[in-house]
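Structure record follows, encoded as structure tokens.
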Amino acid sequence: MEKEEIKEKIEEGWIKTQMWFEVMTSERDLAESTLKEHIKSMQNLKNTHILSEKFEETLEVNNPPIKVEKAFSKVAKIELLSKNVETLLFAVIYFAPSSVEIIEPKELTIGMETIQAIMNSVADVMHKLA
């Protein structure tokens, strides 16, 4: 997506974010393939565009969890463009990034309907976990 098109979408209310993801597994290859597949599955999310993705080097973990002989960690950073707050919330809940940073716009105005949709999404997740 070109810079001008991204700018237009942000002016229309789309939200540009950076997300970081991390996976830790007992096998180097599994860490790499799992994270790549996870990011790839986000490409199917409606009303979003992955603008960039960067995968860091897979590293052996110095102090692996108890009962794990070796562990490997891999980190990825993506830039995601989301149509609205509801879509962004869905991406965060269902794809579970380690961290999210909103890049643009600098300010958002959120209506009652949006807040209600957010609360219902959170309630839905809480019911699934309960």
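In the structure tokens, chains take the letters A, B, ... in the order shown, each chain's residues start at 1, and ligands count up from 1 in the order shown.
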
**Request:** From region 24-128 of chain A, collect each residue whose DSSP state is strand (DSSP E or B) and return the set as a PyMOL selection string.
**Result:** chain A and resi 24-25+48-55+59-60+72-82+99-104

For the residues selected in the previous step, produce a file with N, CA and C atoms as a PDB file, in the first residue's frame.
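Printed below is selection_10.pdb as written:
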ATOM      1  N   MET A  24       7.897 -18.658  22.032  1.00  0.00           N
ATOM      2  CA  MET A  24       8.999 -19.428  22.589  1.00  0.00           C
ATOM      3  C   MET A  24       8.616 -20.902  22.506  1.00  0.00           C
ATOM      4  N   THR A  25       9.507 -21.691  21.923  1.00  0.00           N
ATOM      5  CA  THR A  25       9.276 -23.127  21.779  1.00  0.00           C
ATOM      6  C   THR A  25      10.555 -23.887  22.102  1.00  0.00           C
ATOM      7  N   THR A  48      -8.448  -4.881   7.595  1.00  0.00           N
ATOM      8  CA  THR A  48      -7.088  -4.572   8.026  1.00  0.00           C
ATOM      9  C   THR A  48      -6.136  -4.755   6.853  1.00  0.00           C
ATOM     10  N   HIS A  49      -4.986  -4.122   6.969  1.00  0.00           N
ATOM     11  CA  HIS A  49      -3.901  -4.295   6.009  1.00  0.00           C
ATOM     12  C   HIS A  49      -2.605  -4.383   6.799  1.00  0.00           C
ATOM     13  N   ILE A  50      -1.823  -5.425   6.558  1.00  0.00           N
ATOM     14  CA  ILE A  50      -0.488  -5.486   7.139  1.00  0.00           C
ATOM     15  C   ILE A  50       0.411  -4.673   6.223  1.00  0.00           C
ATOM     16  N   LEU A  51       0.933  -3.587   6.748  1.00  0.00           N
ATOM     17  CA  LEU A  51       1.752  -2.673   5.957  1.00  0.00           C
ATOM     18  C   LEU A  51       3.206  -3.123   5.884  1.00  0.00           C
ATOM     19  N   SER A  52       3.692  -3.724   6.957  1.00  0.00           N
ATOM     20  CA  SER A  52       5.062  -4.232   6.966  1.00  0.00           C
ATOM     21  C   SER A  52       5.170  -5.303   8.034  1.00  0.00           C
ATOM     22  N   GLU A  53       6.158  -6.149   7.873  1.00  0.00           N
ATOM     23  CA  GLU A  53       6.462  -7.152   8.882  1.00  0.00           C
ATOM     24  C   GLU A  53       7.968  -7.356   8.915  1.00  0.00           C
ATOM     25  N   LYS A  54       8.483  -7.520  10.127  1.00  0.00           N
ATOM     26  CA  LYS A  54       9.920  -7.729  10.306  1.00  0.00           C
ATOM     27  C   LYS A  54      10.113  -8.825  11.351  1.00  0.00           C
ATOM     28  N   PHE A  55      10.837  -9.860  10.962  1.00  0.00           N
ATOM     29  CA  PHE A  55      11.125 -10.973  11.853  1.00  0.00           C
ATOM     30  C   PHE A  55      12.568 -10.863  12.342  1.00  0.00           C
ATOM     31  N   LEU A  59      16.506 -16.734  18.674  1.00  0.00           N
ATOM     32  CA  LEU A  59      17.555 -16.797  19.700  1.00  0.00           C
ATOM     33  C   LEU A  59      17.297 -17.941  20.672  1.00  0.00           C
ATOM     34  N   GLU A  60      18.388 -18.547  21.127  1.00  0.00           N
ATOM     35  CA  GLU A  60      18.256 -19.539  22.184  1.00  0.00           C
ATOM     36  C   GLU A  60      18.057 -18.790  23.505  1.00  0.00           C
ATOM     37  N   PHE A  72      13.745 -21.682  22.411  1.00  0.00           N
ATOM     38  CA  PHE A  72      14.103 -20.697  21.391  1.00  0.00           C
ATOM     39  C   PHE A  72      13.005 -19.653  21.301  1.00  0.00           C
ATOM     40  N   SER A  73      13.409 -18.402  21.133  1.00  0.00           N
ATOM     41  CA  SER A  73      12.474 -17.282  21.073  1.00  0.00           C
ATOM     42  C   SER A  73      12.611 -16.571  19.723  1.00  0.00           C
ATOM     43  N   LYS A  74      11.480 -16.162  19.198  1.00  0.00           N
ATOM     44  CA  LYS A  74      11.475 -15.386  17.953  1.00  0.00           C
ATOM     45  C   LYS A  74      10.481 -14.246  18.121  1.00  0.00           C
ATOM     46  N   VAL A  75      10.860 -13.072  17.628  1.00  0.00           N
ATOM     47  CA  VAL A  75      10.040 -11.866  17.747  1.00  0.00           C
ATOM     48  C   VAL A  75       9.753 -11.329  16.348  1.00  0.00           C
ATOM     49  N   ALA A  76       8.540 -10.819  16.184  1.00  0.00           N
ATOM     50  CA  ALA A  76       8.165 -10.162  14.927  1.00  0.00           C
ATOM     51  C   ALA A  76       7.487  -8.844  15.255  1.00  0.00           C
ATOM     52  N   LYS A  77       7.695  -7.869  14.374  1.00  0.00           N
ATOM     53  CA  LYS A  77       7.013  -6.576  14.493  1.00  0.00           C
ATOM     54  C   LYS A  77       6.262  -6.348  13.193  1.00  0.00           C
ATOM     55  N   ILE A  78       5.006  -5.946  13.320  1.00  0.00           N
ATOM     56  CA  ILE A  78       4.234  -5.611  12.122  1.00  0.00           C
ATOM     57  C   ILE A  78       3.653  -4.210  12.279  1.00  0.00           C
ATOM     58  N   GLU A  79       3.375  -3.587  11.141  1.00  0.00           N
ATOM     59  CA  GLU A  79       2.555  -2.378  11.111  1.00  0.00           C
ATOM     60  C   GLU A  79       1.222  -2.809  10.551  1.00  0.00           C
ATOM     61  N   LEU A  80       0.165  -2.478  11.263  1.00  0.00           N
ATOM     62  CA  LEU A  80      -1.185  -2.882  10.885  1.00  0.00           C
ATOM     63  C   LEU A  80      -2.063  -1.653  10.740  1.00  0.00           C
ATOM     64  N   LEU A  81      -2.832  -1.629   9.672  1.00  0.00           N
ATOM     65  CA  LEU A  81      -3.818  -0.580   9.449  1.00  0.00           C
ATOM     66  C   LEU A  81      -5.188  -1.202   9.665  1.00  0.00           C
ATOM     67  N   SER A  82      -5.957  -0.669  10.617  1.00  0.00           N
ATOM     68  CA  SER A  82      -7.266  -1.207  10.973  1.00  0.00           C
ATOM     69  C   SER A  82      -8.343  -0.179  10.680  1.00  0.00           C
ATOM     70  N   SER A  99       2.676  -6.550  22.526  1.00  0.00           N
ATOM     71  CA  SER A  99       2.585  -5.109  22.740  1.00  0.00           C
ATOM     72  C   SER A  99       1.941  -4.458  21.518  1.00  0.00           C
ATOM     73  N   VAL A 100       1.247  -3.350  21.758  1.00  0.00           N
ATOM     74  CA  VAL A 100       0.589  -2.586  20.697  1.00  0.00           C
ATOM     75  C   VAL A 100       0.893  -1.110  20.900  1.00  0.00           C
ATOM     76  N   GLU A 101       1.259  -0.443  19.821  1.00  0.00           N
ATOM     77  CA  GLU A 101       1.478   1.004  19.864  1.00  0.00           C
ATOM     78  C   GLU A 101       0.662   1.637  18.750  1.00  0.00           C
ATOM     79  N   ILE A 102      -0.201   2.578  19.106  1.00  0.00           N
ATOM     80  CA  ILE A 102      -0.970   3.307  18.096  1.00  0.00           C
ATOM     81  C   ILE A 102      -0.081   4.421  17.561  1.00  0.00           C
ATOM     82  N   ILE A 103       0.130   4.423  16.247  1.00  0.00           N
ATOM     83  CA  ILE A 103       0.992   5.397  15.594  1.00  0.00           C
ATOM     84  C   ILE A 103       0.179   6.605  15.123  1.00  0.00           C
ATOM     85  N   GLU A 104      -0.920   6.326  14.421  1.00  0.00           N
ATOM     86  CA  GLU A 104      -1.800   7.378  13.909  1.00  0.00           C
ATOM     87  C   GLU A 104      -3.234   6.895  13.922  1.00  0.00           C
TER      88      GLU A 104
END

**Asked** Which of these residues is nearest to Asp29 (chain A), using only C-alpha atoms: A:Leu129, A:Ala71, A:Ile15, A:Val61?
**Response** A:Ala71

Can you tell me which residues surround Ser121 (chain A) at a distance of at most 12 Å, considering only C-alpha atoms, apart from same-chain residues fewer than 4 positions away, and format the answer as a PDB file with N, CA, C and O atoms, in the first residue's frame?
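This is the output file selection-v8.pdb:
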ATOM      1  N   VAL A  85     -11.736   1.061  15.671  1.00  0.00           N
ATOM      2  CA  VAL A  85     -11.342   0.565  16.984  1.00  0.00           C
ATOM      3  C   VAL A  85     -11.818  -0.868  17.190  1.00  0.00           C
ATOM      4  O   VAL A  85     -11.096  -1.692  17.749  1.00  0.00           O
ATOM      5  N   GLU A  86     -13.030  -1.186  16.735  1.00  0.00           N
ATOM      6  CA  GLU A  86     -13.558  -2.530  16.910  1.00  0.00           C
ATOM      7  C   GLU A  86     -12.682  -3.564  16.206  1.00  0.00           C
ATOM      8  O   GLU A  86     -12.378  -4.631  16.750  1.00  0.00           O
ATOM      9  N   THR A  87     -12.261  -3.252  14.990  1.00  0.00           N
ATOM     10  CA  THR A  87     -11.400  -4.169  14.240  1.00  0.00           C
ATOM     11  C   THR A  87     -10.049  -4.321  14.924  1.00  0.00           C
ATOM     12  O   THR A  87      -9.515  -5.430  15.026  1.00  0.00           O
ATOM     13  N   LEU A  88      -9.498  -3.224  15.407  1.00  0.00           N
ATOM     14  CA  LEU A  88      -8.223  -3.271  16.123  1.00  0.00           C
ATOM     15  C   LEU A  88      -8.360  -4.116  17.389  1.00  0.00           C
ATOM     16  O   LEU A  88      -7.506  -4.959  17.678  1.00  0.00           O
ATOM     17  N   LEU A  89      -9.429  -3.915  18.141  1.00  0.00           N
ATOM     18  CA  LEU A  89      -9.657  -4.693  19.357  1.00  0.00           C
ATOM     19  C   LEU A  89      -9.758  -6.180  19.023  1.00  0.00           C
ATOM     20  O   LEU A  89      -9.183  -7.026  19.708  1.00  0.00           O
ATOM     21  N   PHE A  90     -10.475  -6.516  17.965  1.00  0.00           N
ATOM     22  CA  PHE A  90     -10.600  -7.912  17.544  1.00  0.00           C
ATOM     23  C   PHE A  90      -9.209  -8.490  17.263  1.00  0.00           C
ATOM     24  O   PHE A  90      -8.883  -9.602  17.694  1.00  0.00           O
ATOM     25  N   ALA A  91      -8.380  -7.746  16.544  1.00  0.00           N
ATOM     26  CA  ALA A  91      -7.027  -8.212  16.217  1.00  0.00           C
ATOM     27  C   ALA A  91      -6.214  -8.442  17.486  1.00  0.00           C
ATOM     28  O   ALA A  91      -5.498  -9.450  17.599  1.00  0.00           O
ATOM     29  N   VAL A  92      -6.331  -7.544  18.446  1.00  0.00           N
ATOM     30  CA  VAL A  92      -5.574  -7.670  19.691  1.00  0.00           C
ATOM     31  C   VAL A  92      -6.070  -8.868  20.506  1.00  0.00           C
ATOM     32  O   VAL A  92      -5.270  -9.664  21.018  1.00  0.00           O
ATOM     33  N   ILE A  93      -7.378  -9.034  20.610  1.00  0.00           N
ATOM     34  CA  ILE A  93      -7.925 -10.134  21.404  1.00  0.00           C
ATOM     35  C   ILE A  93      -7.595 -11.487  20.780  1.00  0.00           C
ATOM     36  O   ILE A  93      -7.181 -12.416  21.461  1.00  0.00           O
ATOM     37  N   TYR A  94      -7.773 -11.618  19.492  1.00  0.00           N
ATOM     38  CA  TYR A  94      -7.657 -12.927  18.864  1.00  0.00           C
ATOM     39  C   TYR A  94      -6.264 -13.273  18.340  1.00  0.00           C
ATOM     40  O   TYR A  94      -5.976 -14.443  18.104  1.00  0.00           O
ATOM     41  N   THR A 114     -19.429   2.434  19.666  1.00  0.00           N
ATOM     42  CA  THR A 114     -18.107   1.805  19.651  1.00  0.00           C
ATOM     43  C   THR A 114     -17.736   1.300  21.029  1.00  0.00           C
ATOM     44  O   THR A 114     -17.251   0.171  21.178  1.00  0.00           O
ATOM     45  N   ILE A 115     -17.964   2.112  22.043  1.00  0.00           N
ATOM     46  CA  ILE A 115     -17.673   1.693  23.422  1.00  0.00           C
ATOM     47  C   ILE A 115     -18.502   0.464  23.771  1.00  0.00           C
ATOM     48  O   ILE A 115     -18.005  -0.493  24.368  1.00  0.00           O
ATOM     49  N   GLN A 116     -19.752   0.457  23.376  1.00  0.00           N
ATOM     50  CA  GLN A 116     -20.630  -0.683  23.648  1.00  0.00           C
ATOM     51  C   GLN A 116     -20.104  -1.943  22.946  1.00  0.00           C
ATOM     52  O   GLN A 116     -20.062  -3.022  23.542  1.00  0.00           O
ATOM     53  N   ALA A 117     -19.668  -1.812  21.703  1.00  0.00           N
ATOM     54  CA  ALA A 117     -19.116  -2.955  20.969  1.00  0.00           C
ATOM     55  C   ALA A 117     -17.846  -3.471  21.644  1.00  0.00           C
ATOM     56  O   ALA A 117     -17.637  -4.688  21.752  1.00  0.00           O
ATOM     57  N   VAL A 125     -15.092 -12.492  25.493  1.00  0.00           N
ATOM     58  CA  VAL A 125     -13.832 -13.186  25.800  1.00  0.00           C
ATOM     59  C   VAL A 125     -13.835 -13.675  27.234  1.00  0.00           C
ATOM     60  O   VAL A 125     -13.418 -14.805  27.527  1.00  0.00           O
ATOM     61  N   MET A 126     -14.304 -12.849  28.146  1.00  0.00           N
ATOM     62  CA  MET A 126     -14.321 -13.234  29.557  1.00  0.00           C
ATOM     63  C   MET A 126     -15.218 -14.458  29.779  1.00  0.00           C
ATOM     64  O   MET A 126     -14.874 -15.353  30.546  1.00  0.00           O
ATOM     65  N   HIS A 127     -16.342 -14.525  29.086  1.00  0.00           N
ATOM     66  CA  HIS A 127     -17.229 -15.685  29.213  1.00  0.00           C
ATOM     67  C   HIS A 127     -16.555 -16.943  28.667  1.00  0.00           C
ATOM     68  O   HIS A 127     -16.751 -18.030  29.201  1.00  0.00           O
ATOM     69  N   LYS A 128     -15.777 -16.805  27.618  1.00  0.00           N
ATOM     70  CA  LYS A 128     -15.076 -17.959  27.052  1.00  0.00           C
ATOM     71  C   LYS A 128     -13.983 -18.447  27.984  1.00  0.00           C
ATOM     72  O   LYS A 128     -13.673 -19.653  28.012  1.00  0.00           O
TER      73      LYS A 128
END

**Request:** Please give the complete set of residues from chain A that DSSP, run on the backbone, assigns to helix (DSSP H, G or I), formatted as an MDAnalysis selection string.
**Result:** chainID A and resid 3:11 28:42 85:95 112:129

**Complete:** Judged by only C-alpha atoms, the minimum distance to Glu11 (chain A) among A:Pro97, A:Pro65, A:Gly111, A:Pro105 is found for A:Pro105
